[in-house]
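Below is structure_1.pdb, which holds PDB, C-alpha atoms.
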```
ATOM      1  CA  MET H   1     148.161 211.539  10.549
ATOM      2  CA  LYS H   2     147.213 207.865  10.814
ATOM      3  CA  THR H   3     149.464 205.490  12.707
ATOM      4  CA  ILE H   4     150.325 203.400   9.635
ATOM      5  CA  HIS H   5     151.539 206.545   7.861
ATOM      6  CA  TYR H   6     154.396 206.816  10.341
ATOM      7  CA  LEU H   7     155.550 203.364   9.272
ATOM      8  CA  TYR H   8     155.430 204.411   5.618
ATOM      9  CA  THR H   9     157.383 207.550   6.484
ATOM     10  CA  SER H  10     159.980 205.482   8.343
ATOM     11  CA  ILE H  11     160.444 203.161   5.362
ATOM     12  CA  PHE H  12     160.694 206.088   2.930
ATOM     13  CA  PHE H  13     163.440 207.851   4.867
ATOM     14  CA  PHE H  14     165.251 204.571   5.490
ATOM     15  CA  PHE H  15     165.513 203.998   1.748
ATOM     16  CA  CYS H  16     166.678 207.601   1.283
ATOM     17  CA  PHE H  17     169.426 206.893   3.807
ATOM     18  CA  PHE H  18     170.245 203.542   2.198
ATOM     19  CA  PHE H  19     170.488 205.112  -1.258
ATOM     20  CA  LEU H  20     172.788 207.845   0.064
ATOM     21  CA  SER H  21     174.965 205.400   1.975
ATOM     22  CA  ILE H  22     175.669 203.365  -1.177
ATOM     23  CA  PHE H  23     177.749 206.241  -2.519
ATOM     24  CA  ILE H  24     179.878 206.653   0.602
ATOM     25  CA  ILE H  25     180.242 203.017   1.666
ATOM     26  CA  ASN H  26     183.937 202.960   0.730
ATOM     27  CA  GLY H  27     184.691 206.383   2.157
ATOM     28  CA  ASN H  28     183.934 208.158  -1.087
ATOM     29  CA  THR H  29     182.554 211.668  -1.278
ATOM     30  CA  ILE H  30     179.452 212.632  -3.231
ATOM     31  CA  PHE H  31     179.624 215.188  -6.035
ATOM     32  CA  PHE H  32     178.099 217.962  -3.903
ATOM     33  CA  ASP H  33     180.186 217.433  -0.732
ATOM     34  CA  VAL H  34     183.184 219.586  -1.638
ATOM     35  CA  PRO H  35     181.415 222.239  -3.794
ATOM     36  CA  PHE H  36     178.818 222.973  -1.105
ATOM     37  CA  TYR H  37     181.492 223.339   1.571
ATOM     38  CA  GLU H  38     183.510 225.658  -0.661
ATOM     39  CA  TRP H  39     180.419 227.749  -1.335
ATOM     40  CA  ILE H  40     179.217 228.130   2.251
ATOM     41  CA  SER H  41     182.699 228.597   3.742
ATOM     42  CA  GLN H  42     183.215 231.819   1.798
ATOM     43  CA  PHE H  43     180.746 233.668   4.036
ATOM     44  CA  PRO H  44     182.120 235.358   7.202
ATOM     45  CA  LEU H  45     179.899 233.416   9.617
ATOM     46  CA  LYS H  46     182.472 231.611  11.744
ATOM     47  CA  ASP H  47     181.455 233.086  15.106
ATOM     48  CA  PHE H  48     177.757 232.638  14.357
ATOM     49  CA  PHE H  49     178.079 228.958  13.459
ATOM     50  CA  ILE H  50     180.409 228.227  16.378
ATOM     51  CA  PHE H  51     177.700 229.681  18.622
ATOM     52  CA  ILE H  52     174.954 227.691  16.869
ATOM     53  CA  THR H  53     176.749 224.340  16.791
ATOM     54  CA  ASP H  54     177.180 224.313  20.577
ATOM     55  CA  PHE H  55     173.416 223.832  20.944
ATOM     56  CA  GLY H  56     173.786 220.461  19.252
ATOM     57  CA  ASP H  57     176.301 219.262  21.830
ATOM     58  CA  THR H  58     175.389 216.542  24.315
ATOM     59  CA  LEU H  59     175.218 218.953  27.264
ATOM     60  CA  TRP H  60     172.725 221.331  25.643
ATOM     61  CA  LEU H  61     170.613 218.510  24.237
ATOM     62  CA  CYS H  62     170.415 216.926  27.675
ATOM     63  CA  ILE H  63     169.232 220.273  29.035
ATOM     64  CA  PHE H  64     166.610 220.541  26.275
ATOM     65  CA  ILE H  65     165.447 216.970  26.914
ATOM     66  CA  LEU H  66     165.206 217.631  30.654
ATOM     67  CA  ILE H  67     163.128 220.770  30.053
ATOM     68  CA  ALA H  68     160.861 218.899  27.629
ATOM     69  CA  PHE H  69     160.527 216.028  30.125
ATOM     70  CA  PHE H  70     159.058 218.358  32.739
ATOM     71  CA  ILE H  71     156.875 220.231  30.239
ATOM     72  CA  LEU H  72     155.306 217.022  28.954
ATOM     73  CA  ARG H  73     152.450 216.077  31.246
ATOM     74  CA  LYS H  74     151.683 212.571  30.032
ATOM     75  CA  LYS H  75     153.841 209.706  31.192
ATOM     76  CA  ARG H  76     153.666 207.981  27.806
ATOM     77  CA  ASN H  77     154.963 211.096  26.039
ATOM     78  CA  ARG H  78     157.889 211.199  28.428
ATOM     79  CA  GLU H  79     158.578 207.551  27.688
ATOM     80  CA  LEU H  80     158.472 208.258  23.948
ATOM     81  CA  LEU H  81     160.886 211.155  24.372
ATOM     82  CA  LEU H  82     163.465 209.227  26.387
ATOM     83  CA  GLY H  83     163.059 206.031  24.391
ATOM     84  CA  THR H  84     163.492 207.782  21.053
ATOM     85  CA  MET H  85     166.604 209.664  22.133
ATOM     86  CA  VAL H  86     168.204 206.468  23.476
ATOM     87  CA  VAL H  87     167.447 204.565  20.260
ATOM     88  CA  GLU H  88     168.774 207.492  18.208
ATOM     89  CA  THR H  89     172.035 207.583  20.183
ATOM     90  CA  VAL H  90     172.639 203.851  19.872
ATOM     91  CA  THR H  91     171.790 203.931  16.157
ATOM     92  CA  ASN H  92     174.239 206.760  15.546
ATOM     93  CA  LEU H  93     177.088 204.970  17.312
ATOM     94  CA  LEU H  94     176.450 201.709  15.450
ATOM     95  CA  LEU H  95     176.258 203.431  12.068
ATOM     96  CA  LYS H  96     179.412 205.455  12.665
ATOM     97  CA  TYR H  97     181.404 202.305  13.413
ATOM     98  CA  PHE H  98     179.796 200.393  10.557
ATOM     99  CA  PHE H  99     180.682 202.977   7.914
ATOM    100  CA  GLY H 100     183.923 204.149   9.524
ATOM    101  CA  ARG H 101     184.045 207.270   7.390
ATOM    102  CA  GLU H 102     186.857 209.630   8.271
ATOM    103  CA  ARG H 103     186.087 213.296   8.811
ATOM    104  CA  PRO H 104     186.664 215.752   5.950
ATOM    105  CA  GLY H 105     190.093 217.117   5.246
ATOM    106  CA  PHE H 106     188.725 220.642   5.412
ATOM    107  CA  PRO H 107     190.087 223.008   8.092
ATOM    108  CA  HIS H 108     188.276 222.129  11.334
ATOM    109  CA  LEU H 109     187.124 225.306  13.059
ATOM    110  CA  VAL H 110     185.976 223.354  16.123
ATOM    111  CA  GLU H 111     187.237 220.177  17.738
ATOM    112  CA  ALA H 112     185.569 216.967  16.550
ATOM    113  CA  THR H 113     186.500 213.345  17.184
ATOM    114  CA  GLY H 114     185.255 209.993  15.967
ATOM    115  CA  TYR H 115     183.871 209.015  12.613
ATOM    116  CA  SER H 116     181.958 211.302  10.305
ATOM    117  CA  PHE H 117     178.915 209.484   8.879
ATOM    118  CA  PRO H 118     176.206 210.105   9.952
ATOM    119  CA  SER H 119     176.530 213.356  11.891
ATOM    120  CA  GLY H 120     175.788 212.849  15.582
ATOM    121  CA  HIS H 121     174.850 216.496  16.095
ATOM    122  CA  MET H 122     172.389 216.340  13.229
ATOM    123  CA  MET H 123     170.843 213.043  14.274
ATOM    124  CA  ALA H 124     170.253 214.141  17.844
ATOM    125  CA  THR H 125     168.947 217.565  16.842
ATOM    126  CA  THR H 126     166.627 216.172  14.165
ATOM    127  CA  SER H 127     165.203 213.508  16.471
ATOM    128  CA  PHE H 128     164.599 215.963  19.275
ATOM    129  CA  SER H 129     163.234 218.806  17.148
ATOM    130  CA  PHE H 130     160.859 216.720  15.060
ATOM    131  CA  LEU H 131     159.637 214.848  18.122
ATOM    132  CA  MET H 132     158.851 218.215  19.665
ATOM    133  CA  ILE H 133     156.960 219.118  16.493
ATOM    134  CA  TYR H 134     154.980 215.891  16.890
ATOM    135  CA  PHE H 135     154.102 216.779  20.482
ATOM    136  CA  VAL H 136     153.182 220.338  19.478
ATOM    137  CA  TRP H 137     150.690 219.144  16.854
ATOM    138  CA  GLU H 138     149.247 216.588  19.258
ATOM    139  CA  SER H 139     148.668 219.318  21.832
ATOM    140  CA  LYS H 140     145.766 221.742  22.182
ATOM    141  CA  LEU H 141     147.828 224.838  21.418
ATOM    142  CA  PRO H 142     146.317 227.398  19.031
ATOM    143  CA  LYS H 143     147.207 226.690  15.400
ATOM    144  CA  VAL H 144     149.254 229.869  15.071
ATOM    145  CA  TRP H 145     151.515 228.686  17.903
ATOM    146  CA  LYS H 146     151.812 225.246  16.349
ATOM    147  CA  ILE H 147     152.976 226.766  13.072
ATOM    148  CA  LEU H 148     155.385 229.160  14.782
ATOM    149  CA  LEU H 149     156.980 226.446  16.923
ATOM    150  CA  THR H 150     157.237 224.125  13.940
ATOM    151  CA  VAL H 151     159.101 226.772  11.942
ATOM    152  CA  LEU H 152     161.449 227.443  14.867
ATOM    153  CA  PHE H 153     162.284 223.762  15.379
ATOM    154  CA  ILE H 154     162.888 223.228  11.657
ATOM    155  CA  LEU H 155     165.083 226.344  11.506
ATOM    156  CA  PHE H 156     167.042 225.143  14.529
ATOM    157  CA  THR H 157     167.674 221.770  12.872
ATOM    158  CA  PHE H 158     168.644 223.404   9.572
ATOM    159  CA  LEU H 159     171.163 225.729  11.245
ATOM    160  CA  ILE H 160     172.770 222.921  13.230
ATOM    161  CA  GLY H 161     173.263 220.986  10.014
ATOM    162  CA  LEU H 162     174.744 223.986   8.217
ATOM    163  CA  SER H 163     177.061 224.697  11.140
ATOM    164  CA  ARG H 164     178.620 221.235  10.970
ATOM    165  CA  ILE H 165     179.381 221.696   7.271
ATOM    166  CA  TYR H 166     180.613 225.279   7.594
ATOM    167  CA  LEU H 167     182.948 224.385  10.460
ATOM    168  CA  GLY H 168     184.545 221.682   8.322
ATOM    169  CA  VAL H 169     183.807 218.714  10.585
ATOM    170  CA  HIS H 170     181.221 217.033   8.340
ATOM    171  CA  TYR H 171     180.478 216.510   4.686
ATOM    172  CA  THR H 172     177.095 217.587   3.380
ATOM    173  CA  SER H 173     176.246 213.904   2.881
ATOM    174  CA  ASP H 174     176.957 213.269   6.589
ATOM    175  CA  VAL H 175     174.290 215.801   7.478
ATOM    176  CA  LEU H 176     171.759 214.603   4.893
ATOM    177  CA  GLY H 177     172.293 210.997   5.929
ATOM    178  CA  ALA H 178     171.785 211.897   9.574
ATOM    179  CA  PHE H 179     168.593 213.767   8.732
ATOM    180  CA  CYS H 180     167.151 210.810   6.810
ATOM    181  CA  ILE H 181     168.002 208.076   9.304
ATOM    182  CA  SER H 182     166.816 210.241  12.207
ATOM    183  CA  LEU H 183     163.394 210.720  10.641
ATOM    184  CA  SER H 184     163.275 207.015   9.869
ATOM    185  CA  VAL H 185     164.056 206.038  13.466
ATOM    186  CA  LEU H 186     161.754 208.696  14.899
ATOM    187  CA  SER H 187     158.831 207.752  12.658
ATOM    188  CA  PHE H 188     159.255 204.089  13.544
ATOM    189  CA  CYS H 189     159.357 204.889  17.267
ATOM    190  CA  ILE H 190     156.157 206.917  16.950
ATOM    191  CA  PHE H 191     154.569 204.075  14.966
ATOM    192  CA  LEU H 192     155.419 201.581  17.722
ATOM    193  CA  PHE H 193     154.290 204.000  20.414
ATOM    194  CA  ARG H 194     150.911 204.601  18.795
ATOM    195  CA  SER H 195     150.436 200.931  17.930
ATOM    196  CA  LEU H 196     151.086 199.812  21.499
ATOM    197  CA  LYS H 197     148.885 202.619  22.791
TER     198      LYS H 197
END
```
Please, can you express the file's structure as structure tokens?
Amino acid sequence: MKTIHYLYTSIFFFFCFFFLSIFIINGNTIFFDVPFYEWISQFPLKDFFIFITDFGDTLWLCIFILIAFFILRKKRNRELLLGTMVVETVTNLLLKYFFGRERPGFPHLVEATGYSFPSGHMMATTSFSFLMIYFVWESKLPKVWKILLTVLFILFTFLIGLSRIYLGVHYTSDVLGAFCISLSVLSFCIFLFRSLK
């Protein structure tokens, strides 16, 4: 993928986020927020999603980042990893306070504080997972391993997002918004990284 394509990708996902945010700017819900929660919450998966959602917590993500830091051999890749995660964290905090969206009134099956949009768990997980996918495809691993790891990272991100909705602490639009802005920030960071390189 050419360097300029990462900039195009960043712009595309930014506009996806912007379009989504228009509908929730005044704390409104989107037409699919409540129906999707009602649909997914009917399945007896409470224990499974409580287990899954913990891996999106700050402690586990710090552990994952630390492991990735030592696995990555190149100094510049380590810089990209740490830089991206810092930018993602700051972006999430700024956006949460800007939108000030209260958490859903659904029953909360886990403790959650702060504002709702965009989901911090989803932003951090998406940034980390898709950055790992970037590193995987830039590596010399066999293609079968690249595909397998890509599927695993995408599945991990998908399950974290579902867990936040199922547990009642986020609207579906919180998760989708987090996914879009994370890919926008990540793509822009990669664009800058490759341009400077």
- Query: Which residues match the PyMOL selection byres ((chain H and resi 167-174) around 6) in the file above, as a VMD selection string?
  - Reply: chain H and resid 33 106 to 109 117 to 119 163 to 166 175 to 177
- Note on the structure: Computed gap from atom CA of H:Leu66 to atom CA of H:Leu93 is 21.9 Å
- List the neighbours of stretch 11-13 of chain H out to 9 Å using all atoms listed in the file; skip same-chain residues closer than 3 positions along the sequence, and give me the result as a list in words.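 My reading of the contact set: Tyr6, Leu7, Tyr8, Cys16, Phe17, Phe18, Phe179, Cys180, Ile181, Ser182, Leu183, Ser184, Val185, Ser187 and Phe188 of chain H.
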- Task: Give me the residues within 6 Å of stretch 121-137 of chain H as an NGL selection string, counting all atoms listed in the file and dropping any in the same chain fewer than 4 places off.
- Result: :H and (56 or 146 or 150 or 153 or 157 or 161 or 178 or 182)
Export, as an mmCIF file, keeping the file's coordinate frame, the selected residues with C-alpha atoms.
```
data_model
loop_
_atom_site.group_PDB
_atom_site.id
_atom_site.type_symbol
_atom_site.label_atom_id
_atom_site.label_comp_id
_atom_site.auth_asym_id
_atom_site.auth_seq_id
_atom_site.Cartn_x
_atom_site.Cartn_y
_atom_site.Cartn_z
ATOM 1 C CA GLY H 56 173.786 220.461 19.252
ATOM 2 C CA LYS H 146 151.812 225.246 16.349
ATOM 3 C CA THR H 150 157.237 224.125 13.940
ATOM 4 C CA PHE H 153 162.284 223.762 15.379
ATOM 5 C CA THR H 157 167.674 221.770 12.872
ATOM 6 C CA GLY H 161 173.263 220.986 10.014
ATOM 7 C CA ALA H 178 171.785 211.897 9.574
ATOM 8 C CA SER H 182 166.816 210.241 12.207
#
```
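Counting all atoms listed in the file and comparing H:Trp39, H:Phe14, H:Phe49, H:Phe32, the residue that lies closest to H:Phe156 is H:Phe49.
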- What does the distance between atom CA of H:Thr3 and atom CA of H:Leu80 come to in Å, to one decimal place? 14.7 Å
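Here atom CA of H:Ile52 and atom CA of H:Cys189 stand 27.6 Å from one another.
You can rank H:Phe31, H:Gly83, H:Gly100, H:Val110 by their closest distance to H:Asp47 using all atoms listed in the file, and at the top of that list sits H:Val110.
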- Message: Quick check on the file I pasted: which residues fall under the PyMOL selection byres ((chain H and resi 115) around 7)? Write them as an MDAnalysis selection string.
- Response: chainID H and resid 96 100:103 113:114 116:117
- Within 12 Å of H:Arg76, counting only C-alpha atoms, which residues qualify if same-chain residues fewer than 2 places away don't, as a ChimeraX atom specification? /H:69,72-74,78-84,135,190,193-194,196-197
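Remark: for H:Gly105, the closest of the candidate residues H:Thr53, H:Gln42, H:Thr29, H:Ser139 is H:Thr29 (distances computed over all atoms listed in the file).
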Could you extract stretch 72-99 of chain H of the given structure into a file holding N, CA, C and O atoms, as a PDB file, in the first residue's frame?
```pdb
ATOM      1  N   LEU H  72       8.937  -6.069  18.589  1.00  0.00           N
ATOM      2  CA  LEU H  72       9.353  -5.232  17.464  1.00  0.00           C
ATOM      3  C   LEU H  72      10.845  -4.939  17.556  1.00  0.00           C
ATOM      4  O   LEU H  72      11.334  -4.458  18.574  1.00  0.00           O
ATOM      5  N   ARG H  73      11.546  -5.238  16.501  1.00  0.00           N
ATOM      6  CA  ARG H  73      13.007  -5.092  16.499  1.00  0.00           C
ATOM      7  C   ARG H  73      13.450  -3.671  16.154  1.00  0.00           C
ATOM      8  O   ARG H  73      14.419  -3.165  16.702  1.00  0.00           O
ATOM      9  N   LYS H  74      12.728  -3.041  15.226  1.00  0.00           N
ATOM     10  CA  LYS H  74      13.156  -1.745  14.728  1.00  0.00           C
ATOM     11  C   LYS H  74      12.715  -0.624  15.668  1.00  0.00           C
ATOM     12  O   LYS H  74      11.576  -0.592  16.138  1.00  0.00           O
ATOM     13  N   LYS H  75      13.629   0.293  15.890  1.00  0.00           N
ATOM     14  CA  LYS H  75      13.356   1.415  16.773  1.00  0.00           C
ATOM     15  C   LYS H  75      12.199   2.262  16.257  1.00  0.00           C
ATOM     16  O   LYS H  75      11.343   2.701  17.025  1.00  0.00           O
ATOM     17  N   ARG H  76      12.149   2.479  14.946  1.00  0.00           N
ATOM     18  CA  ARG H  76      11.106   3.316  14.367  1.00  0.00           C
ATOM     19  C   ARG H  76       9.718   2.687  14.533  1.00  0.00           C
ATOM     20  O   ARG H  76       8.725   3.389  14.698  1.00  0.00           O
ATOM     21  N   ASN H  77       9.651   1.364  14.475  1.00  0.00           N
ATOM     22  CA  ASN H  77       8.367   0.691  14.694  1.00  0.00           C
ATOM     23  C   ASN H  77       7.909   0.852  16.143  1.00  0.00           C
ATOM     24  O   ASN H  77       6.709   1.009  16.421  1.00  0.00           O
ATOM     25  N   ARG H  78       8.859   0.810  17.047  1.00  0.00           N
ATOM     26  CA  ARG H  78       8.531   1.029  18.455  1.00  0.00           C
ATOM     27  C   ARG H  78       8.028   2.447  18.669  1.00  0.00           C
ATOM     28  O   ARG H  78       7.081   2.680  19.428  1.00  0.00           O
ATOM     29  N   GLU H  79       8.653   3.396  17.994  1.00  0.00           N
ATOM     30  CA  GLU H  79       8.233   4.786  18.096  1.00  0.00           C
ATOM     31  C   GLU H  79       6.824   4.968  17.535  1.00  0.00           C
ATOM     32  O   GLU H  79       6.008   5.703  18.103  1.00  0.00           O
ATOM     33  N   LEU H  80       6.549   4.288  16.423  1.00  0.00           N
ATOM     34  CA  LEU H  80       5.204   4.360  15.828  1.00  0.00           C
ATOM     35  C   LEU H  80       4.172   3.770  16.771  1.00  0.00           C
ATOM     36  O   LEU H  80       3.084   4.332  16.940  1.00  0.00           O
ATOM     37  N   LEU H  81       4.502   2.666  17.395  1.00  0.00           N
ATOM     38  CA  LEU H  81       3.587   2.016  18.336  1.00  0.00           C
ATOM     39  C   LEU H  81       3.253   2.939  19.501  1.00  0.00           C
ATOM     40  O   LEU H  81       2.078   3.197  19.787  1.00  0.00           O
ATOM     41  N   LEU H  82       4.267   3.445  20.171  1.00  0.00           N
ATOM     42  CA  LEU H  82       4.041   4.287  21.347  1.00  0.00           C
ATOM     43  C   LEU H  82       3.386   5.609  20.960  1.00  0.00           C
ATOM     44  O   LEU H  82       2.459   6.080  21.637  1.00  0.00           O
ATOM     45  N   GLY H  83       3.854   6.198  19.869  1.00  0.00           N
ATOM     46  CA  GLY H  83       3.302   7.467  19.422  1.00  0.00           C
ATOM     47  C   GLY H  83       1.833   7.360  19.071  1.00  0.00           C
ATOM     48  O   GLY H  83       1.021   8.212  19.457  1.00  0.00           O
ATOM     49  N   THR H  84       1.468   6.304  18.357  1.00  0.00           N
ATOM     50  CA  THR H  84       0.081   6.108  17.949  1.00  0.00           C
ATOM     51  C   THR H  84      -0.832   5.916  19.148  1.00  0.00           C
ATOM     52  O   THR H  84      -1.925   6.491  19.219  1.00  0.00           O
ATOM     53  N   MET H  85      -0.395   5.121  20.114  1.00  0.00           N
ATOM     54  CA  MET H  85      -1.234   4.851  21.279  1.00  0.00           C
ATOM     55  C   MET H  85      -1.411   6.106  22.148  1.00  0.00           C
ATOM     56  O   MET H  85      -2.469   6.325  22.733  1.00  0.00           O
ATOM     57  N   VAL H  86      -0.377   6.943  22.210  1.00  0.00           N
ATOM     58  CA  VAL H  86      -0.502   8.201  22.957  1.00  0.00           C
ATOM     59  C   VAL H  86      -1.485   9.133  22.262  1.00  0.00           C
ATOM     60  O   VAL H  86      -2.374   9.718  22.900  1.00  0.00           O
ATOM     61  N   VAL H  87      -1.343   9.277  20.948  1.00  0.00           N
ATOM     62  CA  VAL H  87      -2.244  10.141  20.175  1.00  0.00           C
ATOM     63  C   VAL H  87      -3.682   9.640  20.278  1.00  0.00           C
ATOM     64  O   VAL H  87      -4.625  10.422  20.440  1.00  0.00           O
ATOM     65  N   GLU H  88      -3.857   8.327  20.222  1.00  0.00           N
ATOM     66  CA  GLU H  88      -5.191   7.727  20.330  1.00  0.00           C
ATOM     67  C   GLU H  88      -5.811   8.035  21.682  1.00  0.00           C
ATOM     68  O   GLU H  88      -7.002   8.386  21.773  1.00  0.00           O
ATOM     69  N   THR H  89      -5.040   7.931  22.747  1.00  0.00           N
ATOM     70  CA  THR H  89      -5.547   8.177  24.099  1.00  0.00           C
ATOM     71  C   THR H  89      -5.974   9.628  24.275  1.00  0.00           C
ATOM     72  O   THR H  89      -7.056   9.913  24.806  1.00  0.00           O
ATOM     73  N   VAL H  90      -5.127  10.538  23.820  1.00  0.00           N
ATOM     74  CA  VAL H  90      -5.441  11.966  23.925  1.00  0.00           C
ATOM     75  C   VAL H  90      -6.673  12.306  23.096  1.00  0.00           C
ATOM     76  O   VAL H  90      -7.567  13.044  23.543  1.00  0.00           O
ATOM     77  N   THR H  91      -6.747  11.748  21.889  1.00  0.00           N
ATOM     78  CA  THR H  91      -7.898  11.992  21.012  1.00  0.00           C
ATOM     79  C   THR H  91      -9.188  11.517  21.651  1.00  0.00           C
ATOM     80  O   THR H  91     -10.216  12.214  21.614  1.00  0.00           O
ATOM     81  N   ASN H  92      -9.154  10.345  22.264  1.00  0.00           N
ATOM     82  CA  ASN H  92     -10.342   9.800  22.910  1.00  0.00           C
ATOM     83  C   ASN H  92     -10.824  10.701  24.044  1.00  0.00           C
ATOM     84  O   ASN H  92     -12.020  10.992  24.161  1.00  0.00           O
ATOM     85  N   LEU H  93      -9.905  11.153  24.870  1.00  0.00           N
ATOM     86  CA  LEU H  93     -10.268  12.014  25.998  1.00  0.00           C
ATOM     87  C   LEU H  93     -10.865  13.333  25.513  1.00  0.00           C
ATOM     88  O   LEU H  93     -11.882  13.796  26.040  1.00  0.00           O
ATOM     89  N   LEU H  94     -10.260  13.931  24.496  1.00  0.00           N
ATOM     90  CA  LEU H  94     -10.753  15.198  23.965  1.00  0.00           C
ATOM     91  C   LEU H  94     -12.148  15.045  23.357  1.00  0.00           C
ATOM     92  O   LEU H  94     -13.031  15.889  23.573  1.00  0.00           O
ATOM     93  N   LEU H  95     -12.344  13.951  22.614  1.00  0.00           N
ATOM     94  CA  LEU H  95     -13.639  13.738  21.971  1.00  0.00           C
ATOM     95  C   LEU H  95     -14.730  13.447  22.991  1.00  0.00           C
ATOM     96  O   LEU H  95     -15.867  13.912  22.853  1.00  0.00           O
ATOM     97  N   LYS H  96     -14.396  12.679  24.025  1.00  0.00           N
ATOM     98  CA  LYS H  96     -15.387  12.389  25.058  1.00  0.00           C
ATOM     99  C   LYS H  96     -15.891  13.674  25.719  1.00  0.00           C
ATOM    100  O   LYS H  96     -17.088  13.861  25.930  1.00  0.00           O
ATOM    101  N   TYR H  97     -14.959  14.580  26.039  1.00  0.00           N
ATOM    102  CA  TYR H  97     -15.362  15.822  26.688  1.00  0.00           C
ATOM    103  C   TYR H  97     -16.054  16.769  25.718  1.00  0.00           C
ATOM    104  O   TYR H  97     -16.926  17.542  26.112  1.00  0.00           O
ATOM    105  N   PHE H  98     -15.678  16.708  24.450  1.00  0.00           N
ATOM    106  CA  PHE H  98     -16.322  17.562  23.456  1.00  0.00           C
ATOM    107  C   PHE H  98     -17.786  17.179  23.259  1.00  0.00           C
ATOM    108  O   PHE H  98     -18.672  18.037  23.267  1.00  0.00           O
ATOM    109  N   PHE H  99     -18.051  15.885  23.108  1.00  0.00           N
ATOM    110  CA  PHE H  99     -19.415  15.434  22.863  1.00  0.00           C
ATOM    111  C   PHE H  99     -20.229  15.319  24.157  1.00  0.00           C
ATOM    112  O   PHE H  99     -21.430  15.576  24.168  1.00  0.00           O
TER     113      PHE H  99
END
```
